[in-house]
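Novice: Please find one structure pasted underneath; my questions will follow.
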Amino acid sequence: MCEHGDGRLMKNLDKLMSWLQNSEYDGVILGRRDNFKWITEENANAVVTNTEVGVAFLLIEKSGKMIMAADSSDYSRMMTEQNALQAEGMPIPWYCSVEDHLKKYIKDRTFVSDTGIADTLNVQEKLQCIRMQLSEKELERYRKLGKECAEIVEGVAKMQDRDRRKRTLQL
């Protein structure tokens, strides 16, 4: 588990910011559905479920500034329903390229991303390493699921044992 120096558990945004602060990068762009869900600890940036990349991108800067960039057709929903980090908004007209807008925003700064969008370095492998450390919320979810699975397996085993005994008695 990832901890602050004082032993407090780190949230996902803390882990990403710590990595960013210790890097040479000015910011990171997250557009993959798995990373978006992870960093917000609850939100989804997907409409269609068969793609890795969602409809919105989170730009997280070393300074702590966060921006959600989305096509104008998805922008309002993303800002009101899927903005747990309270990021500032960057609406992109539906007829414009998201990639071009991101390039203009980045300018000459050094941003990386999880997709390589806007000619950024794709650091998905590094992000996966950061994500490997579970947050307290994730640990609680795994404990609950583990208990539920154990109860299900135990119930099935008891039914099987009962059925086996019935068959033995019938012989």
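All residue names refer to the structure tokens as shown: chains lettered A, B, ... in order, residues numbered from 1 in each chain, ligands numbered from 1 in order.
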So which bits of range 34-158 of chain A end up helix (DSSP H, G or I) when you DSSP the backbone, as a count of residues only?

Specialist: 60

Novice: Could you give me the residues within chain A that DSSP places in strand (DSSP E or B), as a VMD selection string?

Specialist: chain A and resid 3 9 27 to 32 53 to 61 66 to 71 88 to 92 111 to 113 121 to 122

Novice: Can I get the selection written as a tab-separated table (two decimals), in the first residue's frame, with N, CA, C and O atoms?

Specialist:
```
chain	number	residue	atom	x	y	z
A	3	GLU	N	1.93	4.89	0.94
A	3	GLU	CA	1.69	5.77	2.07
A	3	GLU	C	2.48	7.06	1.93
A	3	GLU	O	3.51	7.11	1.29
A	9	LEU	N	-2.65	6.88	4.38
A	9	LEU	CA	-2.87	6.24	3.09
A	9	LEU	C	-3.02	7.29	2.01
A	9	LEU	O	-3.62	8.34	2.23
A	27	GLY	N	2.74	17.94	-16.95
A	27	GLY	CA	1.38	17.44	-16.74
A	27	GLY	C	1.16	16.12	-17.43
A	27	GLY	O	2.02	15.64	-18.19
A	28	VAL	N	0.02	15.53	-17.15
A	28	VAL	CA	-0.36	14.26	-17.74
A	28	VAL	C	-1.80	14.35	-18.24
A	28	VAL	O	-2.63	15.02	-17.63
A	29	ILE	N	-2.06	13.69	-19.36
A	29	ILE	CA	-3.41	13.65	-19.93
A	29	ILE	C	-3.92	12.22	-19.79
A	29	ILE	O	-3.29	11.28	-20.28
A	30	LEU	N	-5.05	12.06	-19.11
A	30	LEU	CA	-5.66	10.75	-18.94
A	30	LEU	C	-6.94	10.67	-19.76
A	30	LEU	O	-7.86	11.45	-19.54
A	31	GLY	N	-6.97	9.73	-20.68
A	31	GLY	CA	-8.15	9.55	-21.52
A	31	GLY	C	-8.66	8.13	-21.55
A	31	GLY	O	-9.80	7.87	-21.92
A	32	ARG	N	-7.81	7.19	-21.13
A	32	ARG	CA	-8.25	5.79	-21.09
A	32	ARG	C	-9.30	5.63	-20.01
A	32	ARG	O	-9.22	6.23	-18.94
A	53	VAL	N	-10.47	4.21	-24.91
A	53	VAL	CA	-10.43	5.65	-24.68
A	53	VAL	C	-11.85	6.18	-24.55
A	53	VAL	O	-12.72	5.83	-25.33
A	54	GLY	N	-12.06	7.03	-23.56
A	54	GLY	CA	-13.37	7.60	-23.32
A	54	GLY	C	-13.63	8.88	-24.08
A	54	GLY	O	-12.83	9.28	-24.94
A	55	VAL	N	-14.72	9.55	-23.73
A	55	VAL	CA	-15.14	10.75	-24.43
A	55	VAL	C	-14.59	12.04	-23.81
A	55	VAL	O	-14.81	13.12	-24.34
A	56	ALA	N	-13.91	11.90	-22.67
A	56	ALA	CA	-13.34	13.07	-22.01
A	56	ALA	C	-11.91	12.76	-21.59
A	56	ALA	O	-11.54	11.61	-21.37
A	57	PHE	N	-11.11	13.83	-21.49
A	57	PHE	CA	-9.72	13.70	-21.09
A	57	PHE	C	-9.49	14.58	-19.87
A	57	PHE	O	-9.95	15.72	-19.83
A	58	LEU	N	-8.79	14.04	-18.88
A	58	LEU	CA	-8.39	14.84	-17.72
A	58	LEU	C	-6.95	15.29	-17.92
A	58	LEU	O	-6.07	14.47	-18.15
A	59	LEU	N	-6.73	16.58	-17.85
A	59	LEU	CA	-5.39	17.16	-17.90
A	59	LEU	C	-5.03	17.53	-16.48
A	59	LEU	O	-5.71	18.36	-15.86
A	60	ILE	N	-4.02	16.89	-15.95
A	60	ILE	CA	-3.60	17.14	-14.58
A	60	ILE	C	-2.20	17.71	-14.62
A	60	ILE	O	-1.26	17.07	-15.11
A	61	GLU	N	-2.08	18.94	-14.13
A	61	GLU	CA	-0.80	19.64	-14.20
A	61	GLU	C	-0.04	19.53	-12.89
A	61	GLU	O	-0.63	19.34	-11.82
A	66	MET	N	-6.45	21.10	-12.69
A	66	MET	CA	-7.07	19.98	-13.40
A	66	MET	C	-8.13	20.50	-14.36
A	66	MET	O	-8.93	21.36	-14.00
A	67	ILE	N	-8.11	19.97	-15.57
A	67	ILE	CA	-9.04	20.38	-16.60
A	67	ILE	C	-9.66	19.13	-17.22
A	67	ILE	O	-8.96	18.16	-17.49
A	68	MET	N	-10.96	19.18	-17.45
A	68	MET	CA	-11.63	18.11	-18.18
A	68	MET	C	-11.97	18.64	-19.56
A	68	MET	O	-12.70	19.61	-19.71
A	69	ALA	N	-11.40	17.99	-20.57
A	69	ALA	CA	-11.64	18.37	-21.96
A	69	ALA	C	-12.60	17.36	-22.56
A	69	ALA	O	-12.38	16.15	-22.45
A	70	ALA	N	-13.66	17.86	-23.18
A	70	ALA	CA	-14.63	16.96	-23.80
A	70	ALA	C	-15.30	17.64	-24.98
A	70	ALA	O	-15.47	18.86	-25.00
A	71	ASP	N	-15.67	16.83	-25.93
A	71	ASP	CA	-16.45	17.26	-27.09
A	71	ASP	C	-17.74	17.91	-26.58
A	71	ASP	O	-18.31	17.47	-25.58
A	88	GLU	N	-11.71	22.00	-13.87
A	88	GLU	CA	-12.22	23.07	-14.72
A	88	GLU	C	-12.61	22.45	-16.06
A	88	GLU	O	-12.10	21.38	-16.42
A	89	GLY	N	-13.46	23.10	-16.80
A	89	GLY	CA	-13.91	22.55	-18.07
A	89	GLY	C	-13.22	23.14	-19.29
A	89	GLY	O	-12.83	24.31	-19.28
A	90	MET	N	-13.07	22.31	-20.31
A	90	MET	CA	-12.57	22.74	-21.61
A	90	MET	C	-13.51	22.14	-22.66
A	90	MET	O	-13.28	21.05	-23.16
A	91	PRO	N	-14.59	22.88	-22.98
A	91	PRO	CA	-15.49	22.35	-24.01
A	91	PRO	C	-14.84	22.49	-25.39
A	91	PRO	O	-14.25	23.52	-25.71
A	92	ILE	N	-14.96	21.45	-26.17
A	92	ILE	CA	-14.38	21.45	-27.51
A	92	ILE	C	-15.53	21.31	-28.52
A	92	ILE	O	-16.28	20.34	-28.44
A	111	PHE	N	4.00	17.55	-21.64
A	111	PHE	CA	2.92	16.71	-21.13
A	111	PHE	C	3.14	15.28	-21.62
A	111	PHE	O	3.71	15.06	-22.69
A	112	VAL	N	2.67	14.34	-20.82
A	112	VAL	CA	2.66	12.93	-21.21
A	112	VAL	C	1.20	12.48	-21.14
A	112	VAL	O	0.34	13.21	-20.66
A	113	SER	N	0.94	11.27	-21.60
A	113	SER	CA	-0.44	10.79	-21.57
A	113	SER	C	-0.49	9.27	-21.48
A	113	SER	O	0.54	8.60	-21.52
A	121	LEU	N	4.22	11.75	-25.07
A	121	LEU	CA	4.83	10.46	-24.77
A	121	LEU	C	3.79	9.61	-24.04
A	121	LEU	O	3.15	10.07	-23.09
A	122	ASN	N	3.61	8.37	-24.48
A	122	ASN	CA	2.66	7.46	-23.85
A	122	ASN	C	3.36	6.81	-22.66
A	122	ASN	O	4.30	6.05	-22.82
```

Novice: If we count only C-alpha atoms and set the cut-off at 9 Å, which residues sit around His101 in chain A, ignoring sequence neighbours fewer than 3 positions away in its own chain? Please answer as a PyMOL selection string.

Specialist: chain A and resi 69+92+96-98+104-106+118

Novice: Nearest residue to Asn43 in chain A out of A:Leu134, A:Val123, A:Met159, A:Met79, using only C-alpha atoms?

Specialist: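 Of A:Leu134, A:Val123, A:Met159, A:Met79, the one nearest Asn43 in chain A is A:Met79, counting only C-alpha atoms.
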
Novice: My list of candidates is A:Glu125, A:Thr120, A:Thr49, A:Asn35. Which is closest to Asp108 in chain A when distances are computed with only C-alpha atoms?

Specialist: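 Comparing A:Glu125, A:Thr120, A:Thr49, A:Asn35 against Asp108 in chain A, the winner is A:Thr120.
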
Novice: Taking into account only C-alpha atoms, which residue in the set A:Asp114, A:Arg162, A:Leu13, A:Thr80 is nearest to Arg33 in chain A?

Specialist: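 With only C-alpha atoms as the atom set, the closest residue is A:Asp114.
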
Novice: Give the answer as one residue: which of A:Ala84, A:Ala44, A:Ile152, A:Ile130 has the shortest atom-to-atom distance to Asp14 in chain A, using only C-alpha atoms?

Specialist: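 Under the stated criterion, the closest residue is A:Ile130.
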
Novice: With only C-alpha atoms as the counted atoms, please give the residues lying no more than 10 Å from Trp19 in chain A, apart from itself and same-chain residues fewer than 3 positions off, as a CSV table (one decimal) with N, CA and C atoms, in the first residue's frame.

Specialist:
```csv
chain,number,residue,atom,x,y,z
A,13,LEU,N,-5.3,10.3,-6.6
A,13,LEU,CA,-4.8,11.5,-7.1
A,13,LEU,C,-3.4,11.9,-6.4
A,14,ASP,N,-3.4,11.6,-5.1
A,14,ASP,CA,-2.1,11.9,-4.4
A,14,ASP,C,-0.9,11.1,-5.0
A,15,LYS,N,-1.2,9.8,-5.3
A,15,LYS,CA,-0.2,9.0,-5.9
A,15,LYS,C,0.3,9.5,-7.2
A,16,LEU,N,-0.7,9.9,-8.1
A,16,LEU,CA,-0.3,10.5,-9.4
A,16,LEU,C,0.4,11.8,-9.2
A,22,ASN,N,7.7,14.4,-9.0
A,22,ASN,CA,9.1,13.9,-9.0
A,22,ASN,C,9.6,13.6,-10.5
A,23,SER,N,8.8,14.0,-11.4
A,23,SER,CA,9.1,13.8,-12.8
A,23,SER,C,9.6,15.1,-13.5
A,24,GLU,N,10.0,15.0,-14.7
A,24,GLU,CA,10.4,16.2,-15.5
A,24,GLU,C,9.2,16.7,-16.3
A,25,TYR,N,8.0,16.1,-16.1
A,25,TYR,CA,6.8,16.5,-16.9
A,25,TYR,C,6.0,17.6,-16.2
A,62,LYS,N,1.3,19.7,-13.0
A,62,LYS,CA,2.1,19.6,-11.8
A,62,LYS,C,1.7,20.6,-10.8
A,126,LYS,N,4.0,3.2,-17.0
A,126,LYS,CA,4.3,3.9,-15.7
A,126,LYS,C,3.1,4.1,-14.9
A,127,LEU,N,2.0,4.5,-15.5
A,127,LEU,CA,0.7,4.7,-14.8
A,127,LEU,C,0.2,3.4,-14.3
A,130,ILE,N,1.9,2.8,-11.0
A,130,ILE,CA,1.3,3.7,-9.9
A,130,ILE,C,0.0,3.1,-9.5
```
